[in-house]
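**Q** One structure coming up, written as structure tokens, with questions to follow.
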Amino acid sequence: MTTQPRRLRLTADEFIAWAADQPHGRYELAGGEVVAMAPERAGHARTKYAAAKALEAAILARGLPCEAMIDGMAVRIDDLTVYEPDALVRCGPRTPDDAMQITDPVVVVEVVSPSSRALDSGAKLSDYFRLPSVRHYLVINIDARAVTHHRSDGTGDIATRILRDGTLSLEPPGMTLAVADFFAGL
């Protein structure tokens with residue numbers, strides 16, 4: 001008889017402390033349940049790096065008081081849900097070096113992978129916009145060379161556009177990026 005592994009259930013605070021002590025792997029917390037993230041393919045890693053670089057270049061070009069970060073930062077949705085987006089932008093004073101969480105992202109980016117497609121377009125779309133600071137959720141599809149831009153107007157309405165070329169305007173915080181920059185070097 002095969003037994004199922006015990007599922008680890010934690011609160012957001014417990015999860016962040018637990019995840020910080022894990023020597024290997026990356027994890028998220030969904031509804032109190034710890035979810036191991038699958039190892040990444042090289043194309044996924046290159047795309048999230050290109051996205052973070054494009055966001056950083058746009059910030060610098062406009063002299064905005066913001067910072068772009070690549071994965072590794074926890075974004076707490078509620079007491080039972082913590083995600084680790086592939087990239088994000090937050091504005092305001094510089095994040096302390098010892099911080100493990102970003103509480104006020106303005107832009108959140110996920111790169112679609114085979115194991116995350118449904119989650120990125122479903123639960124995460126709904127969850128990220130539960131945070132009042134999130135104004136833009138970008139889902140990057142490597143295979144289609146497309147960026148799906150979900151934009152909140154701050155009143156609860158969300159507009160969605162799919163871009164394969166041209167420019168992407170992120171207002172706030174006041175950035176414009178070429179869609180091609182998300183795929184630079186691929």
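Ordering of the structure tokens sets the chain letters (A, B, ...), residue numbers begin anew at 1 in every chain, and ligands are numbered from 1 in the order given.
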List every residue of segment 44-141 of chain A that DSSP, applied to the backbone of this structure, assigns to helix (DSSP H, G or I), and report them as a PyMOL selection string.
**A** chain A and resi 44-62+117-121+123-128
**Q** Keeping N, CA and C atoms for every residue in the selection just given, could you write it to a file as a PDB file, in the first residue's frame?
**A**
```pdb
ATOM      1  N   HIS A  44      12.749  29.872 -19.696  1.00  0.00           N
ATOM      2  CA  HIS A  44      11.988  30.542 -18.635  1.00  0.00           C
ATOM      3  C   HIS A  44      12.908  31.485 -17.850  1.00  0.00           C
ATOM      4  N   ALA A  45      14.067  30.976 -17.469  1.00  0.00           N
ATOM      5  CA  ALA A  45      15.018  31.791 -16.705  1.00  0.00           C
ATOM      6  C   ALA A  45      15.488  32.993 -17.521  1.00  0.00           C
ATOM      7  N   ARG A  46      15.771  32.785 -18.799  1.00  0.00           N
ATOM      8  CA  ARG A  46      16.210  33.895 -19.656  1.00  0.00           C
ATOM      9  C   ARG A  46      15.110  34.947 -19.803  1.00  0.00           C
ATOM     10  N   THR A  47      13.863  34.484 -19.928  1.00  0.00           N
ATOM     11  CA  THR A  47      12.754  35.416 -20.128  1.00  0.00           C
ATOM     12  C   THR A  47      12.493  36.252 -18.884  1.00  0.00           C
ATOM     13  N   LYS A  48      12.529  35.649 -17.715  1.00  0.00           N
ATOM     14  CA  LYS A  48      12.293  36.455 -16.514  1.00  0.00           C
ATOM     15  C   LYS A  48      13.444  37.431 -16.292  1.00  0.00           C
ATOM     16  N   TYR A  49      14.662  37.038 -16.652  1.00  0.00           N
ATOM     17  CA  TYR A  49      15.791  37.953 -16.552  1.00  0.00           C
ATOM     18  C   TYR A  49      15.620  39.112 -17.540  1.00  0.00           C
ATOM     19  N   ALA A  50      15.202  38.812 -18.772  1.00  0.00           N
ATOM     20  CA  ALA A  50      14.959  39.864 -19.770  1.00  0.00           C
ATOM     21  C   ALA A  50      13.855  40.805 -19.291  1.00  0.00           C
ATOM     22  N   ALA A  51      12.812  40.262 -18.675  1.00  0.00           N
ATOM     23  CA  ALA A  51      11.716  41.094 -18.169  1.00  0.00           C
ATOM     24  C   ALA A  51      12.207  42.030 -17.076  1.00  0.00           C
ATOM     25  N   ALA A  52      12.970  41.498 -16.125  1.00  0.00           N
ATOM     26  CA  ALA A  52      13.491  42.332 -15.036  1.00  0.00           C
ATOM     27  C   ALA A  52      14.416  43.415 -15.582  1.00  0.00           C
ATOM     28  N   LYS A  53      15.256  43.070 -16.557  1.00  0.00           N
ATOM     29  CA  LYS A  53      16.150  44.065 -17.165  1.00  0.00           C
ATOM     30  C   LYS A  53      15.346  45.146 -17.893  1.00  0.00           C
ATOM     31  N   ALA A  54      14.315  44.747 -18.628  1.00  0.00           N
ATOM     32  CA  ALA A  54      13.487  45.719 -19.358  1.00  0.00           C
ATOM     33  C   ALA A  54      12.781  46.656 -18.385  1.00  0.00           C
ATOM     34  N   LEU A  55      12.260  46.114 -17.305  1.00  0.00           N
ATOM     35  CA  LEU A  55      11.592  46.943 -16.301  1.00  0.00           C
ATOM     36  C   LEU A  55      12.583  47.903 -15.648  1.00  0.00           C
ATOM     37  N   GLU A  56      13.757  47.407 -15.315  1.00  0.00           N
ATOM     38  CA  GLU A  56      14.774  48.264 -14.698  1.00  0.00           C
ATOM     39  C   GLU A  56      15.206  49.381 -15.649  1.00  0.00           C
ATOM     40  N   ALA A  57      15.405  49.055 -16.923  1.00  0.00           N
ATOM     41  CA  ALA A  57      15.799  50.075 -17.907  1.00  0.00           C
ATOM     42  C   ALA A  57      14.725  51.152 -18.033  1.00  0.00           C
ATOM     43  N   ALA A  58      13.454  50.751 -18.022  1.00  0.00           N
ATOM     44  CA  ALA A  58      12.356  51.719 -18.118  1.00  0.00           C
ATOM     45  C   ALA A  58      12.301  52.611 -16.880  1.00  0.00           C
ATOM     46  N   ILE A  59      12.571  52.040 -15.717  1.00  0.00           N
ATOM     47  CA  ILE A  59      12.608  52.819 -14.479  1.00  0.00           C
ATOM     48  C   ILE A  59      13.712  53.861 -14.546  1.00  0.00           C
ATOM     49  N   LEU A  60      14.905  53.420 -14.953  1.00  0.00           N
ATOM     50  CA  LEU A  60      16.057  54.326 -15.034  1.00  0.00           C
ATOM     51  C   LEU A  60      15.849  55.407 -16.079  1.00  0.00           C
ATOM     52  N   ALA A  61      15.245  55.045 -17.211  1.00  0.00           N
ATOM     53  CA  ALA A  61      15.022  56.012 -18.291  1.00  0.00           C
ATOM     54  C   ALA A  61      14.122  57.156 -17.847  1.00  0.00           C
ATOM     55  N   ARG A  62      13.182  56.874 -16.959  1.00  0.00           N
ATOM     56  CA  ARG A  62      12.253  57.896 -16.470  1.00  0.00           C
ATOM     57  C   ARG A  62      12.675  58.483 -15.132  1.00  0.00           C
ATOM     58  N   ARG A 117       0.701  27.333 -16.262  1.00  0.00           N
ATOM     59  CA  ARG A 117      -0.205  28.048 -17.175  1.00  0.00           C
ATOM     60  C   ARG A 117      -1.571  28.334 -16.545  1.00  0.00           C
ATOM     61  N   ALA A 118      -2.220  27.332 -15.986  1.00  0.00           N
ATOM     62  CA  ALA A 118      -3.563  27.526 -15.421  1.00  0.00           C
ATOM     63  C   ALA A 118      -3.526  28.430 -14.194  1.00  0.00           C
ATOM     64  N   LEU A 119      -2.550  28.240 -13.331  1.00  0.00           N
ATOM     65  CA  LEU A 119      -2.446  29.045 -12.119  1.00  0.00           C
ATOM     66  C   LEU A 119      -2.158  30.505 -12.451  1.00  0.00           C
ATOM     67  N   ASP A 120      -1.231  30.756 -13.400  1.00  0.00           N
ATOM     68  CA  ASP A 120      -0.870  32.126 -13.768  1.00  0.00           C
ATOM     69  C   ASP A 120      -2.054  32.896 -14.347  1.00  0.00           C
ATOM     70  N   SER A 121      -2.903  32.203 -15.091  1.00  0.00           N
ATOM     71  CA  SER A 121      -4.033  32.866 -15.747  1.00  0.00           C
ATOM     72  C   SER A 121      -5.317  32.813 -14.939  1.00  0.00           C
ATOM     73  N   ALA A 123      -5.979  31.693 -10.721  1.00  0.00           N
ATOM     74  CA  ALA A 123      -5.915  32.116  -9.312  1.00  0.00           C
ATOM     75  C   ALA A 123      -4.984  33.300  -9.107  1.00  0.00           C
ATOM     76  N   LYS A 124      -3.810  33.277  -9.737  1.00  0.00           N
ATOM     77  CA  LYS A 124      -2.874  34.386  -9.524  1.00  0.00           C
ATOM     78  C   LYS A 124      -3.412  35.692 -10.086  1.00  0.00           C
ATOM     79  N   LEU A 125      -4.089  35.642 -11.211  1.00  0.00           N
ATOM     80  CA  LEU A 125      -4.699  36.847 -11.783  1.00  0.00           C
ATOM     81  C   LEU A 125      -5.662  37.458 -10.774  1.00  0.00           C
ATOM     82  N   SER A 126      -6.522  36.664 -10.235  1.00  0.00           N
ATOM     83  CA  SER A 126      -7.488  37.150  -9.246  1.00  0.00           C
ATOM     84  C   SER A 126      -6.797  37.589  -7.954  1.00  0.00           C
ATOM     85  N   ASP A 127      -5.854  36.775  -7.496  1.00  0.00           N
ATOM     86  CA  ASP A 127      -5.199  37.061  -6.216  1.00  0.00           C
ATOM     87  C   ASP A 127      -4.333  38.310  -6.250  1.00  0.00           C
ATOM     88  N   TYR A 128      -3.504  38.472  -7.263  1.00  0.00           N
ATOM     89  CA  TYR A 128      -2.620  39.643  -7.291  1.00  0.00           C
ATOM     90  C   TYR A 128      -3.416  40.938  -7.233  1.00  0.00           C
TER      91      TYR A 128
END
```
**Q** With only C-alpha atoms as the counted atoms, please give the residues lying no more than 9 Å from Val107 of chain A, apart from itself and same-chain residues fewer than 4 positions off, as an MDAnalysis selection string.
**A** chainID A and resid 68 87:90 133:138 170 173
**Q** Take the residues just selected and output them with all heavy atoms as an mmCIF file, in the first residue's frame.
**A**
```cif
data_model
loop_
_atom_site.group_PDB
_atom_site.id
_atom_site.type_symbol
_atom_site.label_atom_id
_atom_site.label_comp_id
_atom_site.auth_asym_id
_atom_site.auth_seq_id
_atom_site.Cartn_x
_atom_site.Cartn_y
_atom_site.Cartn_z
ATOM 1 N N ALA A 68 13.090 47.334 -9.755
ATOM 2 C CA ALA A 68 12.668 46.069 -10.346
ATOM 3 C C ALA A 68 13.401 44.953 -9.630
ATOM 4 O O ALA A 68 14.574 45.100 -9.282
ATOM 5 C CB ALA A 68 12.984 46.038 -11.830
ATOM 6 N N ALA A 87 9.111 38.368 -11.659
ATOM 7 C CA ALA A 87 9.682 39.712 -11.559
ATOM 8 C C ALA A 87 8.601 40.627 -11.004
ATOM 9 O O ALA A 87 7.417 40.298 -11.044
ATOM 10 C CB ALA A 87 10.167 40.214 -12.916
ATOM 11 N N LEU A 88 9.028 41.772 -10.491
ATOM 12 C CA LEU A 88 8.060 42.745 -10.003
ATOM 13 C C LEU A 88 8.695 44.123 -9.972
ATOM 14 O O LEU A 88 9.921 44.260 -10.080
ATOM 15 C CB LEU A 88 7.538 42.359 -8.601
ATOM 16 C CG LEU A 88 8.512 42.261 -7.432
ATOM 17 C CD1 LEU A 88 8.841 43.623 -6.838
ATOM 18 C CD2 LEU A 88 7.920 41.371 -6.351
ATOM 19 N N VAL A 89 7.851 45.127 -9.833
ATOM 20 C CA VAL A 89 8.285 46.509 -9.642
ATOM 21 C C VAL A 89 7.550 47.041 -8.429
ATOM 22 O O VAL A 89 6.334 46.845 -8.299
ATOM 23 C CB VAL A 89 7.963 47.392 -10.863
ATOM 24 C CG1 VAL A 89 8.227 48.860 -10.559
ATOM 25 C CG2 VAL A 89 8.748 46.945 -12.077
ATOM 26 N N ARG A 90 8.298 47.702 -7.561
ATOM 27 C CA ARG A 90 7.686 48.418 -6.448
ATOM 28 C C ARG A 90 8.281 49.815 -6.438
ATOM 29 O O ARG A 90 9.390 50.025 -6.920
ATOM 30 C CB ARG A 90 7.900 47.708 -5.112
ATOM 31 C CG ARG A 90 9.338 47.681 -4.633
ATOM 32 C CD ARG A 90 9.496 47.479 -3.140
ATOM 33 N NE ARG A 90 8.749 48.387 -2.335
ATOM 34 C CZ ARG A 90 9.159 49.624 -1.997
ATOM 35 N NH1 ARG A 90 10.312 50.101 -2.414
ATOM 36 N NH2 ARG A 90 8.416 50.388 -1.225
ATOM 37 N N SER A 133 -2.097 47.810 -4.184
ATOM 38 C CA SER A 133 -0.974 48.427 -4.895
ATOM 39 C C SER A 133 -0.797 47.912 -6.318
ATOM 40 O O SER A 133 -0.244 48.604 -7.168
ATOM 41 C CB SER A 133 0.332 48.192 -4.128
ATOM 42 O OG SER A 133 0.634 46.806 -4.071
ATOM 43 N N VAL A 134 -1.260 46.693 -6.604
ATOM 44 C CA VAL A 134 -1.022 46.095 -7.922
ATOM 45 C C VAL A 134 -1.899 46.760 -8.967
ATOM 46 O O VAL A 134 -3.121 46.758 -8.874
ATOM 47 C CB VAL A 134 -1.258 44.567 -7.902
ATOM 48 C CG1 VAL A 134 -1.144 43.984 -9.311
ATOM 49 C CG2 VAL A 134 -0.270 43.885 -6.971
ATOM 50 N N ARG A 135 -1.235 47.338 -9.961
ATOM 51 C CA ARG A 135 -1.948 47.983 -11.068
ATOM 52 C C ARG A 135 -1.757 47.233 -12.378
ATOM 53 O O ARG A 135 -2.559 47.373 -13.297
ATOM 54 C CB ARG A 135 -1.461 49.417 -11.229
ATOM 55 C CG ARG A 135 -1.736 50.291 -10.023
ATOM 56 C CD ARG A 135 -3.217 50.408 -9.671
ATOM 57 N NE ARG A 135 -3.969 51.162 -10.612
ATOM 58 C CZ ARG A 135 -4.107 52.476 -10.607
ATOM 59 N NH1 ARG A 135 -3.538 53.176 -9.659
ATOM 60 N NH2 ARG A 135 -4.805 53.088 -11.533
ATOM 61 N N HIS A 136 -0.675 46.427 -12.462
ATOM 62 C CA HIS A 136 -0.381 45.710 -13.710
ATOM 63 C C HIS A 136 0.076 44.292 -13.394
ATOM 64 O O HIS A 136 0.942 44.091 -12.538
ATOM 65 C CB HIS A 136 0.736 46.413 -14.491
ATOM 66 C CG HIS A 136 0.471 47.848 -14.726
ATOM 67 N ND1 HIS A 136 -0.313 48.313 -15.748
ATOM 68 C CD2 HIS A 136 0.871 48.953 -14.033
ATOM 69 C CE1 HIS A 136 -0.372 49.624 -15.693
ATOM 70 N NE2 HIS A 136 0.333 50.037 -14.657
ATOM 71 N N TYR A 137 -0.522 43.343 -14.102
ATOM 72 C CA TYR A 137 -0.102 41.949 -14.011
ATOM 73 C C TYR A 137 0.236 41.519 -15.430
ATOM 74 O O TYR A 137 -0.625 41.517 -16.309
ATOM 75 C CB TYR A 137 -1.209 41.098 -13.404
ATOM 76 C CG TYR A 137 -0.908 39.614 -13.349
ATOM 77 C CD1 TYR A 137 0.331 39.139 -12.936
ATOM 78 C CD2 TYR A 137 -1.870 38.682 -13.681
ATOM 79 C CE1 TYR A 137 0.602 37.783 -12.871
ATOM 80 C CE2 TYR A 137 -1.623 37.318 -13.609
ATOM 81 C CZ TYR A 137 -0.386 36.876 -13.210
ATOM 82 O OH TYR A 137 -0.117 35.533 -13.138
ATOM 83 N N LEU A 138 1.511 41.193 -15.641
ATOM 84 C CA LEU A 138 1.988 40.802 -16.960
ATOM 85 C C LEU A 138 2.248 39.304 -16.972
ATOM 86 O O LEU A 138 2.990 38.792 -16.127
ATOM 87 C CB LEU A 138 3.279 41.544 -17.312
ATOM 88 C CG LEU A 138 3.245 43.065 -17.181
ATOM 89 C CD1 LEU A 138 4.625 43.650 -17.495
ATOM 90 C CD2 LEU A 138 2.176 43.661 -18.077
ATOM 91 N N LEU A 170 2.902 51.380 -18.785
ATOM 92 C CA LEU A 170 2.544 51.007 -17.414
ATOM 93 C C LEU A 170 2.384 52.288 -16.602
ATOM 94 O O LEU A 170 3.344 52.882 -16.139
ATOM 95 C CB LEU A 170 3.623 50.104 -16.807
ATOM 96 C CG LEU A 170 3.913 48.804 -17.559
ATOM 97 C CD1 LEU A 170 5.046 48.047 -16.894
ATOM 98 C CD2 LEU A 170 2.659 47.949 -17.662
ATOM 99 N N PRO A 173 3.523 53.141 -12.820
ATOM 100 C CA PRO A 173 4.271 54.272 -12.294
ATOM 101 C C PRO A 173 4.772 55.253 -13.348
ATOM 102 O O PRO A 173 5.448 56.206 -12.991
ATOM 103 C CB PRO A 173 5.447 53.598 -11.581
ATOM 104 C CG PRO A 173 5.714 52.380 -12.386
ATOM 105 C CD PRO A 173 4.369 51.927 -12.875
#
```
**Q** From the set A:Arg151, A:Leu131, A:Gly174, A:Val112, which residue has the shortest atom-to-atom contact distance to Cys91 of chain A, counting only C-alpha atoms?
**A**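 Comparing A:Arg151, A:Leu131, A:Gly174, A:Val112 against Cys91 of chain A, the winner is A:Gly174.
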**Q** Quick one: of A:Glu28, A:Leu64, A:Pro105, A:Ala12, who's nearest to Thr176 of chain A, counting only C-alpha atoms?
**A**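 With only C-alpha atoms as the atom set, the closest residue is A:Leu64.
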**Q** Would you mind listing what lies within 6 Å of segment 141-149 of chain A as a list in words, with only C-alpha atoms counted and same-chain residues fewer than 4 positions away left out?
**A**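 Close residues of segment 141-149 of chain A: Val112, Thr160, Arg161, Ile162, Leu163 and Arg164 of chain A.
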**Q** Please produce a file of those selected residues containing N, CA, C and O atoms, as a JSON list (two decimals), in the first residue's frame.
**A**
```
[["chain", "number", "residue", "atom", "x", "y", "z"],
["A", 112, "VAL", "N", 4.96, 32.22, -18.23],
["A", 112, "VAL", "CA", 4.19, 30.99, -18.33],
["A", 112, "VAL", "C", 5.12, 29.81, -18.55],
["A", 112, "VAL", "O", 6.05, 29.87, -19.36],
["A", 160, "THR", "N", -7.75, 43.89, -20.20],
["A", 160, "THR", "CA", -6.73, 42.96, -20.66],
["A", 160, "THR", "C", -6.41, 43.20, -22.13],
["A", 160, "THR", "O", -7.32, 43.38, -22.93],
["A", 161, "ARG", "N", -5.10, 43.22, -22.43],
["A", 161, "ARG", "CA", -4.63, 43.32, -23.81],
["A", 161, "ARG", "C", -3.56, 42.27, -24.02],
["A", 161, "ARG", "O", -2.79, 41.98, -23.11],
["A", 162, "ILE", "N", -3.49, 41.73, -25.22],
["A", 162, "ILE", "CA", -2.42, 40.81, -25.59],
["A", 162, "ILE", "C", -1.56, 41.51, -26.61],
["A", 162, "ILE", "O", -2.05, 41.96, -27.65],
["A", 163, "LEU", "N", -0.27, 41.63, -26.30],
["A", 163, "LEU", "CA", 0.67, 42.36, -27.16],
["A", 163, "LEU", "C", 1.75, 41.42, -27.69],
["A", 163, "LEU", "O", 2.34, 40.67, -26.92],
["A", 164, "ARG", "N", 1.99, 41.52, -28.98],
["A", 164, "ARG", "CA", 3.07, 40.75, -29.61],
["A", 164, "ARG", "C", 4.17, 41.66, -30.14],
["A", 164, "ARG", "O", 5.25, 41.19, -30.47]]
```
**Q** Identify all residues of segment 9-82 of chain A in strand (DSSP E) (DSSP on the backbone) and supply them as a list in words.
**A**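 Residues of segment 9-82 of chain A classed as strand (DSSP E): Tyr27, Glu28, Leu29, Ala30, Glu33, Val34, Val35, Ala36, Cys66, Glu67, Ala68, Met69, Ile70, Val75, Arg76, Ile77, Asp78, Thr81 and Val82 of chain A.
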**Q** Please dump the current selection as a PDB file, in the first residue's frame; keep N, CA and C atoms.
**A**
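Output below, filename part_9.pdb:
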```pdb
ATOM      1  N   TYR A  27       9.278  27.586  -3.302  1.00  0.00           N
ATOM      2  CA  TYR A  27       7.944  27.215  -2.870  1.00  0.00           C
ATOM      3  C   TYR A  27       7.026  28.431  -2.884  1.00  0.00           C
ATOM      4  N   GLU A  28       5.727  28.152  -2.979  1.00  0.00           N
ATOM      5  CA  GLU A  28       4.701  29.161  -2.784  1.00  0.00           C
ATOM      6  C   GLU A  28       3.691  28.586  -1.802  1.00  0.00           C
ATOM      7  N   LEU A  29       2.843  29.445  -1.293  1.00  0.00           N
ATOM      8  CA  LEU A  29       1.792  29.030  -0.372  1.00  0.00           C
ATOM      9  C   LEU A  29       0.455  29.385  -1.010  1.00  0.00           C
ATOM     10  N   ALA A  30      -0.373  28.389  -1.234  1.00  0.00           N
ATOM     11  CA  ALA A  30      -1.679  28.607  -1.862  1.00  0.00           C
ATOM     12  C   ALA A  30      -2.765  28.075  -0.944  1.00  0.00           C
ATOM     13  N   GLU A  33      -1.541  25.803   1.812  1.00  0.00           N
ATOM     14  CA  GLU A  33      -0.818  24.594   1.426  1.00  0.00           C
ATOM     15  C   GLU A  33       0.495  24.958   0.720  1.00  0.00           C
ATOM     16  N   VAL A  34       1.589  24.358   1.167  1.00  0.00           N
ATOM     17  CA  VAL A  34       2.891  24.589   0.549  1.00  0.00           C
ATOM     18  C   VAL A  34       2.925  23.876  -0.800  1.00  0.00           C
ATOM     19  N   VAL A  35       3.334  24.623  -1.826  1.00  0.00           N
ATOM     20  CA  VAL A  35       3.411  24.092  -3.175  1.00  0.00           C
ATOM     21  C   VAL A  35       4.849  24.238  -3.661  1.00  0.00           C
ATOM     22  N   ALA A  36       5.485  23.114  -4.008  1.00  0.00           N
ATOM     23  CA  ALA A  36       6.841  23.160  -4.556  1.00  0.00           C
ATOM     24  C   ALA A  36       6.756  23.644  -6.002  1.00  0.00           C
ATOM     25  N   CYS A  66      11.543  53.818  -8.153  1.00  0.00           N
ATOM     26  CA  CYS A  66      11.054  52.447  -8.131  1.00  0.00           C
ATOM     27  C   CYS A  66      12.232  51.497  -8.275  1.00  0.00           C
ATOM     28  N   GLU A  67      11.981  50.224  -8.024  1.00  0.00           N
ATOM     29  CA  GLU A  67      12.999  49.211  -8.252  1.00  0.00           C
ATOM     30  C   GLU A  67      12.358  47.964  -8.834  1.00  0.00           C
ATOM     31  N   ALA A  68      13.090  47.334  -9.755  1.00  0.00           N
ATOM     32  CA  ALA A  68      12.668  46.069 -10.346  1.00  0.00           C
ATOM     33  C   ALA A  68      13.401  44.953  -9.630  1.00  0.00           C
ATOM     34  N   MET A  69      12.706  43.862  -9.401  1.00  0.00           N
ATOM     35  CA  MET A  69      13.313  42.702  -8.755  1.00  0.00           C
ATOM     36  C   MET A  69      12.953  41.454  -9.522  1.00  0.00           C
ATOM     37  N   ILE A  70      13.902  40.542  -9.563  1.00  0.00           N
ATOM     38  CA  ILE A  70      13.654  39.238 -10.176  1.00  0.00           C
ATOM     39  C   ILE A  70      13.201  38.294  -9.067  1.00  0.00           C
ATOM     40  N   VAL A  75       5.454  37.703  -2.133  1.00  0.00           N
ATOM     41  CA  VAL A  75       4.348  38.665  -2.181  1.00  0.00           C
ATOM     42  C   VAL A  75       3.176  38.009  -1.458  1.00  0.00           C
ATOM     43  N   ARG A  76       2.858  38.558  -0.277  1.00  0.00           N
ATOM     44  CA  ARG A  76       1.779  38.017   0.549  1.00  0.00           C
ATOM     45  C   ARG A  76       0.449  38.552   0.042  1.00  0.00           C
ATOM     46  N   ILE A  77      -0.433  37.632  -0.299  1.00  0.00           N
ATOM     47  CA  ILE A  77      -1.775  37.999  -0.745  1.00  0.00           C
ATOM     48  C   ILE A  77      -2.707  38.097   0.463  1.00  0.00           C
ATOM     49  N   ASP A  78      -2.615  37.122   1.343  1.00  0.00           N
ATOM     50  CA  ASP A  78      -3.405  37.108   2.576  1.00  0.00           C
ATOM     51  C   ASP A  78      -2.697  36.204   3.577  1.00  0.00           C
ATOM     52  N   THR A  81      -1.839  32.814   1.662  1.00  0.00           N
ATOM     53  CA  THR A  81      -1.361  32.781   0.283  1.00  0.00           C
ATOM     54  C   THR A  81      -0.166  33.700   0.103  1.00  0.00           C
ATOM     55  N   VAL A  82       0.934  33.115  -0.374  1.00  0.00           N
ATOM     56  CA  VAL A  82       2.162  33.854  -0.643  1.00  0.00           C
ATOM     57  C   VAL A  82       2.710  33.352  -1.972  1.00  0.00           C
TER      58      VAL A  82
END
```
**Q** Report, in Å with one decimal, the straight-line distance from atom CA of Pro96 of chain A to atom CA of Val111 of chain A.
**A** 25.9 Å
**Q** Quick one: of A:Pro23, A:Gly43, A:Gly72, A:Pro65, who's nearest to Phe183 of chain A, counting only C-alpha atoms?
**A**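 Counting only C-alpha atoms, the residue closest to Phe183 of chain A is A:Gly43.
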**Q** What does the distance between atom CA of Ser152 of chain A and atom CA of Thr167 of chain A come to in Å, to one decimal place?
**A**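 Between these atoms lies a distance of 18.0 Å.
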**Q** What gap, in Å, lies between atom CA of Met100 of chain A and atom CA of Ala74 of chain A?
**A** 6.1 Å
**Q** Nearest to Arg41 of chain A: which of A:Ser113, A:Ser169, A:Gly154, A:Gly185 is it, counting only C-alpha atoms?
**A** A:Ser113
**Q** Excluding same-chain residues fewer than 5 positions from Leu80 of chain A, what lies within 6 Å of it counting only C-alpha atoms, as a CSV table (one decimal) with all heavy atoms, in the first residue's frame?
**A**
```csv
chain,number,residue,atom,x,y,z
A,11,THR,N,0.5,29.0,7.9
A,11,THR,CA,0.0,30.4,7.7
A,11,THR,C,1.1,31.1,6.9
A,11,THR,O,2.3,30.6,6.7
A,11,THR,CB,-0.2,31.2,9.0
A,11,THR,OG1,1.1,31.3,9.6
A,11,THR,CG2,-1.1,30.4,9.9
A,12,ALA,N,0.9,32.3,6.4
A,12,ALA,CA,1.8,33.1,5.6
A,12,ALA,C,3.1,33.4,6.5
A,12,ALA,O,4.2,33.2,6.0
A,12,ALA,CB,1.2,34.4,5.2
A,31,GLY,N,-3.5,29.0,-0.4
A,31,GLY,CA,-4.6,28.6,0.5
A,31,GLY,C,-4.1,27.8,1.7
A,31,GLY,O,-4.8,26.9,2.2
A,32,GLY,N,-2.9,28.1,2.2
A,32,GLY,CA,-2.4,27.5,3.4
A,32,GLY,C,-1.6,26.2,3.1
A,32,GLY,O,-0.9,25.6,3.9
```
